[in-house]
Structures are given as C-alpha cells and as structure tokens.
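*Asks:* Structure in structure tokens, see below.
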Amino acid sequence: MPEIRVLRSDDLAGLASYADYVDAVRAGYRQVGEGAPAKPRTSLTSADPPGFLTAYMAILPETGAMGTYTYAAGFGAEDAHFLLPLFDADSGEPLAILDGASMNPYKTGAAGAVGVDALARVDATDLAIIGSGSQARAQLAATATVRDLDRVRVYSPTPASRDAFAAEFDDRLPTATVSAVDTPAAAVSGAGIVITATRATEPVFDGEDLADGAHVTAMGQYSADAREVDGTTVARAKYVPDLRGRADPETGDAGDYVQAVRAGAVDEDHLHAELGEVVAGTRPGRTSSTEVTLFDSGGTGVETVAAAHMLYERAAEQDLGESVSVTPASEAF
C-alpha cells in the first residue's frame with residue numbers, strides 16, 4: 001500500500017523563503033503556459049449554516065505533481081480550514097496531505113510576485129499597496145524578491161493598521177523607505193507597481209490616478225459581484241488573469257474584469273493572455289514603458305500545487321511529518 005506524508009503547519013514552517021516560493025510558482029505557471037491543465041476554483045455554497053466549500057486543481061507534469069486545494073469557510077465553526085492532497089503526476093499515487101492554511105499567504109504572495117516580474121517595468125522601484133493584512137504583507141515580501149524597491153506607500157482605512165504595516169516593513173526592507181499615507185490616491189500617484197490586497201467589494205482607487213507605465217496586481221477578490229479596481233483601470237490596462245476561465249463574463253469569478261465587461265468599459269476581446277502564457281513566452285507581456293498592465297490574481301491550483309510539491313520534497317529530505325498508509329482502489333474494491 002502506498003504511504004503518504006501528512007504535513008502539519010509546524011512541519012512546513014521555515015522550509016522555504018519567499019524567493020523559493022516565487023521560483024516554484026513561476027515554474028508552475030510556465031508549465032500551464034505550455035499546455036499543462038489547470039482549472040479555476042469551483043465553489044458550493046450553503047445558506048444554513050452559511051458557508052462555502054471551494055476546490056481548485058492543477059497538473060504540473062514537469063514538477064511531477066498534481067493536486068487539489070480544498071477549503072471550507074464559515075459554517076458552524078465560523079472559521080476556515082485548508083487541506084491539500086498531493087499526488088504524483090506520473091504514477092497517480094498519493095504523495096502527501098498538507099495543512100494548507102499556513103502556506104496560503106506565501107504561495108499567493110508568490111503568484112503576485114510572478115505577475116509583477118512578468119509584467120511590471122524592470123526599473124519599477126516605487127510601489128503602492130492598498131491593504132495591510134496578512135495577504136498584503138505576503139504580497140510585499142514576495143514582490144521585494146523580484147524588484148529592487150526604493151519607496152513603498154501603504155494605505156488601509158484603519159490608521160493604526162497602516163502605520164504598523166509601514167513600521168514593520170521599513171525594518172524588513174532595509175533598502176526601501178516604507179510609509180503610511182492617508183488616501184488611496186496618495187499611494188497610487190506615481191507608483192510603478194500597485195498592489196491591492198483587500199476585502200473590498202468596490203474599487204479601492206481611481207483608475208485615472210494610475211501613472212502611465214504602471215503595473216497593477218489585484219488579488220483580494222474572487223467573486224463576479226466584487227471588485228478592487230474600476231472599469232477605467234481595466235480599460236487602460238493590458239489585462240492578464242491567472243487563468244482565462246476566471247474572466248468568463250457568464251461563469252467567471254474575476255469581478256474586476258467581469259463587471260468591466262458588463263458595464264461596457266471593455267469587451268471580451270480585451271483579455272490579453274493568461275499569466276502562464278506570458279511567463280512561457282507564448283504571448284507577449286509588456287511591450288512599452290508607458291503601457292499599463294493588470295494581473296488579476298484570484299488564486300488557482302497552479303501556485304498551490306507548485307508550492308506544495310516544493311515543500312513536500314524538502315520535508316521528505318528532513319523526514320518531517322507522519323507517514324500514513326493508503327489503500328489503493330484495486331485492493332479496497
């Protein structure tokens with residue numbers, strides 16, 4: 001019987017740096033750009049008790065892994081729980097089950113950094129970030145591995161939160177000056193990179209405030225009824241989602257784009273490419289220093305499987321976790 005490795009949060013802590021996550025996730029998206037299969041999230045909702053069950057998956061042949069990221073949020077516990085079963089992409093045998101919660105900000109931050117690296121100007125050093133929670137922290141930490149940042153401005157609605165964020169990263173990023181600002185416009189104005197990492201359901205800045213040549217990563221929403229950027233931003237930008245299926249006006253959850261299409265700000269042909277196509281070089285990314293680019297990052301199985309396999313290999317090298325036997329169907333049936 002195959003044995004799988006069960007990896008808890010304590011087993012995964014400290015196994016990889018943000019740069020390691022970025023490298024693994026970039027390789028995952030390149031494989032998807034070259035034809036590896038990945039599907040956007042599927043969600044089932046419950047009204048009583050209120051909650052939702054979500055899953056998304058990817059097969060990464062070169063990495064040698066495939067898996068499904070599954071989580072339940074809400075319900076009676078009013079919390080969220082993340083599990084990640086990982087399989088061998090050649091044999092189909094199970095490899096591991098990971099506690100997916102602790103790795104979530106790291107792999108999501110890495111996806112944002114891959115988007116920045118693929119689409120932002122190489123000389124972009126001025127970054128604006130809107131949001132100050134764990135995902136915003138991960139986005140900035142990961143992005144700092146792909147661009148040499150000189151100046152970072154953070155805005156969030158709560159002054160104490162944005163001040164604490166600025167103080168933390170002013171220490172963590174010794175080459176950058178990190179400061180809190182009072183308005184989204186003050187953050188976005190003149191920035192070469194703009195990152196939104198919020199729970200907002202309406203646009204968090206005015207697209208007219210974007211500088212020519214800016215890159216935007218929007219990662220805080222994955223619902224057709226919610227958006228972080230306005231139709232002006234989408235219309236000004238070369239639009240690149242993580243997966244094309246997320247931007248389908250009828251079934252997609254990329255609210256930034258779906259709402260822009262529905263409002264007539266852009267048409268369905270405005271979608272330029274998936275991130276993997278740009279990373280793989282099968283579609284061009286930025287083609288001038290003045291164009292605006294937008295990476296819509298809603299979360300996929302690509303970064304999740306890529307990051308999970310990296311962590312699994314490192315955990316196996318150190319013999320971390322607990323081994324559990326799993327009965328194959330040929331025996332169970």
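Residues are referred to by chain and number: the chain letter is A, B, ... according to the order shown in the structure tokens, the number counts from 1 in that chain, and ligands are numbered separately from 1 in the order shown.
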Could you pull the residues within 9 Å of A:Ser179, counting only C-alpha atoms, minus those fewer than 2 positions along the same chain, as a PyMOL selection string?
*Replies:* chain A and resi 151-155+162-163+165-167+169-170+177+181
*Asks:* Excluding A:Gly281 and residues on its chain fewer than 4 positions from it, collect all residues at most 12 Å away from it, counting only C-alpha atoms, and give them as a list of chain:residue names.
*Replies:*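 Counting only C-alpha atoms, the residues come to A:Tyr29, A:Arg30, A:Gln31, A:Val32, A:Gly33, A:Glu34, A:Ala118, A:Leu119, A:Ala273, A:Glu274, A:Leu275, A:Gly276, A:Glu277, A:Gly285, A:Arg286.
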*Asks:* With a distance cut-off of 10 Å and only C-alpha atoms, select the neighbouring residues of A:Pro241, excluding the residue or stretch itself and same-chain residues fewer than 2 positions from it, and output the selection as JSON, numbers by chain.
*Replies:* {"A": [115, 217, 218, 239, 243, 244, 245, 246, 247, 254, 257, 271, 272, 273, 274, 275, 276, 294, 295, 296, 297, 298]}
*Asks:* Residues of stretch 60-209 of chain A in strand (DSSP E) according to DSSP, as a VMD selection string?
*Replies:* chain A and resid 60 65 to 74 79 to 88 94 to 99 126 to 130 151 to 155 177 to 180 193 to 196
*Asks:* Counting only C-alpha atoms, what is within 9 Å of A:Arg314, bar same-chain residues fewer than 5 positions away, as a ChimeraX atom specification?
*Replies:* /A:12,15-16,309,319-320
*Asks:* Can you pull out every residue from stretch 271-319 of chain A that DSSP, working from the backbone, puts in alpha helix (DSSP H), and format the result as a PDB file with C-alpha atoms, in the first residue's frame?
*Replies:*
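And here's part-v1.pdb as it stands now:
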ATOM      1  CA  LEU A 275      -0.172  34.674 -16.845  1.00  0.00           C
ATOM      2  CA  GLY A 276       1.319  31.319 -17.822  1.00  0.00           C
ATOM      3  CA  GLU A 277       1.344  32.296 -21.491  1.00  0.00           C
ATOM      4  CA  VAL A 278       3.347  35.416 -20.678  1.00  0.00           C
ATOM      5  CA  VAL A 279       5.739  33.528 -18.403  1.00  0.00           C
ATOM      6  CA  ALA A 280       6.232  30.825 -21.034  1.00  0.00           C
ATOM      7  CA  GLY A 301      -4.239  25.328  -8.145  1.00  0.00           C
ATOM      8  CA  VAL A 302      -1.127  26.278 -10.106  1.00  0.00           C
ATOM      9  CA  GLU A 303       0.695  28.147  -7.364  1.00  0.00           C
ATOM     10  CA  THR A 304      -0.742  25.796  -4.760  1.00  0.00           C
ATOM     11  CA  VAL A 305       0.470  22.549  -6.308  1.00  0.00           C
ATOM     12  CA  ALA A 306       3.826  24.064  -7.278  1.00  0.00           C
ATOM     13  CA  ALA A 307       4.466  25.358  -3.771  1.00  0.00           C
ATOM     14  CA  ALA A 308       3.155  22.216  -2.094  1.00  0.00           C
ATOM     15  CA  HIS A 309       5.447  19.939  -4.053  1.00  0.00           C
ATOM     16  CA  MET A 310       8.451  22.078  -3.187  1.00  0.00           C
ATOM     17  CA  LEU A 311       7.532  21.867   0.500  1.00  0.00           C
ATOM     18  CA  TYR A 312       6.849  18.135   0.263  1.00  0.00           C
ATOM     19  CA  GLU A 313      10.295  17.444  -1.209  1.00  0.00           C
ATOM     20  CA  ARG A 314      12.026  19.483   1.466  1.00  0.00           C
ATOM     21  CA  ALA A 315      10.012  17.863   4.224  1.00  0.00           C
ATOM     22  CA  ALA A 316      10.833  14.412   2.851  1.00  0.00           C
ATOM     23  CA  GLU A 317      14.550  15.236   2.826  1.00  0.00           C
TER      24      GLU A 317
END
*Asks:* Please provide the set of residues having any atom within 8 Å of A:Thr143, restricted to only C-alpha atoms, with same-chain residues fewer than 3 positions apart removed, written as a PDB file with C-alpha atoms, in the first residue's frame.
*Replies:*
ATOM      1  CA  GLY A 109       2.267  36.289  -2.477  1.00  0.00           C
ATOM      2  CA  ALA A 110       4.494  34.325  -4.829  1.00  0.00           C
ATOM      3  CA  GLY A 112       1.589  38.121  -7.239  1.00  0.00           C
ATOM      4  CA  ALA A 113       5.358  38.440  -7.475  1.00  0.00           C
ATOM      5  CA  VAL A 116       4.941  41.671 -11.191  1.00  0.00           C
ATOM      6  CA  GLN A 139       2.482  40.355  -1.484  1.00  0.00           C
ATOM      7  CA  LEU A 140       5.037  42.977  -0.490  1.00  0.00           C
ATOM      8  CA  VAL A 146      11.760  40.364  -7.854  1.00  0.00           C
ATOM      9  CA  ARG A 147      12.175  44.165  -7.836  1.00  0.00           C
TER      10      ARG A 147
END
*Asks:* List the spatial neighbours of A:Asp23 as a PyMOL selection string - criterion: any atom at most 9 Å away, only C-alpha atoms, same-chain residues fewer than 5 positions off excluded.
*Replies:* chain A and resi 18+28+110+114
*Asks:* Counting only C-alpha atoms, figure out which residue out of A:Ser132, A:Ser223, A:Thr196, A:Thr108 gets nearest to A:Val22.
*Replies:*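 Smallest distance to A:Val22 is found for A:Thr108.
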*Asks:* What lies within 6 Å of stretch 232-237 of chain A using only C-alpha atoms, ignoring chain neighbours under 5 positions off, as a PyMOL selection string?
*Replies:* chain A and resi 207+266+292-294
